[in-house]
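**Student:** Take this structure, written in structure tokens, and hold onto it; I'll ask about it next.
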Amino acid sequence: MDLDTLRHGNFAKLGEAVTDWEQMTKKLADLKKDAEDNLKAKADRAKWAGVNATVSREFITKTAAEFADAYTQADSITKILKDTREELIGYRAQLNDAIKRAAEQNLTVIDTGDGTFTVVGNTRPDWASDPSGKTGVTDQKVVDAFRDEIQSILTKATQSDNSAAKALRLLVDQAKYGFTDASYADRDEAARAVAAAERLAKMAKNPADMSLDDIAAFSRTMRKYHDDPLFAEQFATRLGAKGVLQFWTEMTHAHAGARGSELETMKDLQTNLSLTLATATFSDSGAMQDWKKDLIAERNTNFRATGSPFPVGALGAQVISSLLHQGRFDTEFLDDYRKELFKADKAAGKSGTRDLWIRGYDALDLVFGDDNGRDPLKGLFAALSHNPEAAVHAFESKSDLNHMLGTVKYTDRGEALGRALESAVTGVAAGDTSSTAPPHSKTQVRIMGNIMEAVAQPGEGVDLVRKGLGESFGNMAASYMPEISQKLAGGGSESVFLTNSEAPEGLEETKDVVRFLSAVSEDPSGRAGIILGESIYTSGLIESHLANPSLFDGTRDQVLEEIGKNAGVIEGIVAHSVADSEVRAAVNGEKAHNDALKSKGDIAKSWVAIGLTGVKLPERYGGELMGAVVGGGVGAVAGAAIDRLLEGQKMDGSRDEALYRSASDVYESRDSVSRQTQWAAEESIDRHRLDLPKDGIKSLIRGAVNEGWDAGSEFLSRTKERPNG
């Protein structure tokens, strides 16, 4: 920055710009709040149908998100401009003060152009007559000190100006259309993020020079910044797509067989690198768009570490997928990468996928942890499990879904595939225990139906359950209790089995539903998911109907009988399947069953409002939302059911019993579901202070559950071969 530019700088225009941005930010804050509280909130509660279900809802959701991003970007720009203006004004004051102090010592500071200046001593004609010859002569050390001070001020002002301009350009480039959610408190924060990315990218270009301490420091910086859009984008693009893959190839080769603290350091690095790259993929800058294309283009490249004795290293796809295990990657990027991987995997055939990816790579270990990275589909499935939208895209093709399920027999990708499928059909990302599952779309219900059909195939379904998908299937069944209940109950049951699903009737074959539940019951964790889901949904239904009789145009007894019978049917299918199966000995006793229930932990809490959030009353009753009717929504009774089931805790008084202590006793299981359903009714009556006959309701429910229990056995007999006796 030129000296005179800063010295005589008029920052009024910049001040006006800051004021304009501040005013815009305030307006955008109001629009953001209105979009969230009105536009999106109403859309979330609405019961959509037809085109609106797939187009309007998505449009409104994205529009609301754009308002939020617009506010965030404007706020960041405002803070960077304001901070930069204040810094430059501060530097101008420092510069003028230095020039004033120099003048007091008979020195003149002159701008010589192109960012240069000089400090010279003043001369006057009368100084020539001074006999000492010292008048007007200044010590060179003083001149140098002023020169250095002024140069430091100009350097800092230049850095402030340049880094602000760079940060603002990068912010704008993050989103090709719309706005970015990158948020910064001031110019320094943005500048530090960019500088850190540049420093780490430079280090990663020379991995051989990185000691274990260097790697730990590298990873700590990434942990600090991996969610920062500017940091992530700058790191990825400066290192380049091929550079990222070569860096990770070198790291895994140099630290192969890591143990102890070295292993923990490398696991930490892999996690933070994955999270950084995930953030980077959301950037729409031109450089990042090229990076994503280049990365996918390297999928068939042979990556060898320096000094590796093996001619065959790792396929680019194997390296890429080893860095997809953590974080939410951009949907479009995952779509593009998945298409290429699926195409290659399908071309090899179900039994050929192992030969394609795994054989011949015996020395390969690209993952510091439980996996080795040889099967790139496992890393892809991990990424899909963290991005429900991309997961839906991946499995909406029945051909692709059936192929991937068919490969489970020949690979160990079952658990990873299960988590990806779970993300697709529930709409909740793996590990997210804070979100309530959104309403199921028609596409999601269709995928769930296709999964049930595949699992329902004789022999094959149980194989899938035993190959690592059982737990995920159980979680999926829990999320689909409304659709399952309506299918088992038959047409016309929608006013009893409430749901906000866009396709509550979308499960086509009753026999597939029954056989699916039966197969999943053979896995303790799968069975736990079904039991939890049924108990939560039943409890929520009972509370809803008892607290608001207008939901069902009939008698209270009718609706309770329907709910109780359904609970008996579903849990009857589960218990009879366990009794029929060859794994009876394995589940004899309490441990496997109870451990599976308890392991569900917080995930069960995302099921509390299964199918009920956003449910509307019938039009004849005004069409109010459920939340407005039942004191802000249902969930207290379902929450109590979760506590009992997860903890096996003993309740007070008549509820002083633990549930489901043994999965091996059919009748004990029947009594457990009967008690749970009765308690849900009793707690609903207490919570809403209803004047209803508890004993009569409990008797009615017990009879309904018992009837459903026997019906569950009949469902099994009609849909699959069962052992005699």
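We name chains A, B, ... following the order of the structure tokens; residues begin at 1 in each chain, and ligands are numbered from 1 as shown.
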Can you list, as a PyMOL selection string, every protein, DNA or RNA residue that comes within 7 Å of Thr108 (chain A) when you count only C-alpha atoms, leaving out same-chain residues fewer than 2 positions away?

**Tutor:** chain A and resi 102-103+106+110+119-122

**Student:** What's around region 525-528 of chain A at 6 Å? Count only C-alpha atoms, leave out sequence neighbours fewer than 2 positions away in its own chain, and write the answer as a short mmCIF file (atom, residue, chain, number, x, y, z; two decimals) with C-alpha atoms, in the first residue's frame.

**Tutor:**
```
data_model
loop_
_atom_site.label_atom_id
_atom_site.label_comp_id
_atom_site.auth_asym_id
_atom_site.auth_seq_id
_atom_site.Cartn_x
_atom_site.Cartn_y
_atom_site.Cartn_z
CA GLY A 470 -30.07 -57.16 10.85
CA GLU A 471 -29.68 -54.16 13.12
CA GLY A 474 -34.72 -53.43 12.67
CA VAL A 520 -35.27 -59.57 10.98
CA SER A 521 -36.48 -61.11 14.26
CA ASP A 523 -31.14 -60.91 14.85
CA ILE A 530 -38.99 -53.85 15.91
CA ILE A 531 -40.02 -54.10 19.58
CA ALA A 596 -29.58 -55.46 22.10
CA LEU A 597 -32.40 -53.37 23.54
#
```

**Student:** In Å, with one decimal, what is the gap from CA of Phe117 (chain A) to CA of Ile80 (chain A)?

**Tutor:**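 We find that CA of Phe117 (chain A) and CA of Ile80 (chain A) lie 28.7 Å from each other.
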
**Student:** In Å, how far is it from CA of Ile570 (chain A) to CA of Arg419 (chain A)?

**Tutor:**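 Those two atoms sit 23.5 Å apart.
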
**Student:** Compile the contact shell of Asp355 (chain A) as a list in words: residues with an atom at most 12 Å away, counting only C-alpha atoms, same-chain residues fewer than 5 positions apart removed.

**Tutor:**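 So the residues in contact are Ala344, Asp345, Ala347, Ala348, Gly349, Lys350, Gly360, Tyr361, Asp362, Arg374, Asp375, Thr407, Tyr410 and Thr411 of chain A.
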
**Student:** Neighbouring residues of Gly712 (chain A) were defined as those with any atom within 9 Å, considering only C-alpha atoms; residues of the same chain fewer than 2 positions away were excluded. Please report them as a ChimeraX atom specification.

**Tutor:** /A:514,566,568-574,576,707-710,714-717

**Student:** Which value, in Å to one decimal, gives the distance between CA of Met222 (chain A) and CA of Asn272 (chain A)?

**Tutor:** 5.7 Å

**Student:** With distances taken over only C-alpha atoms, which of A:Gly369, A:Pro376, A:Gly461, A:Gly260 is nearest to Glu340 (chain A)?

**Tutor:**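 The shortest atom-to-atom distance to Glu340 (chain A) comes from A:Pro376.
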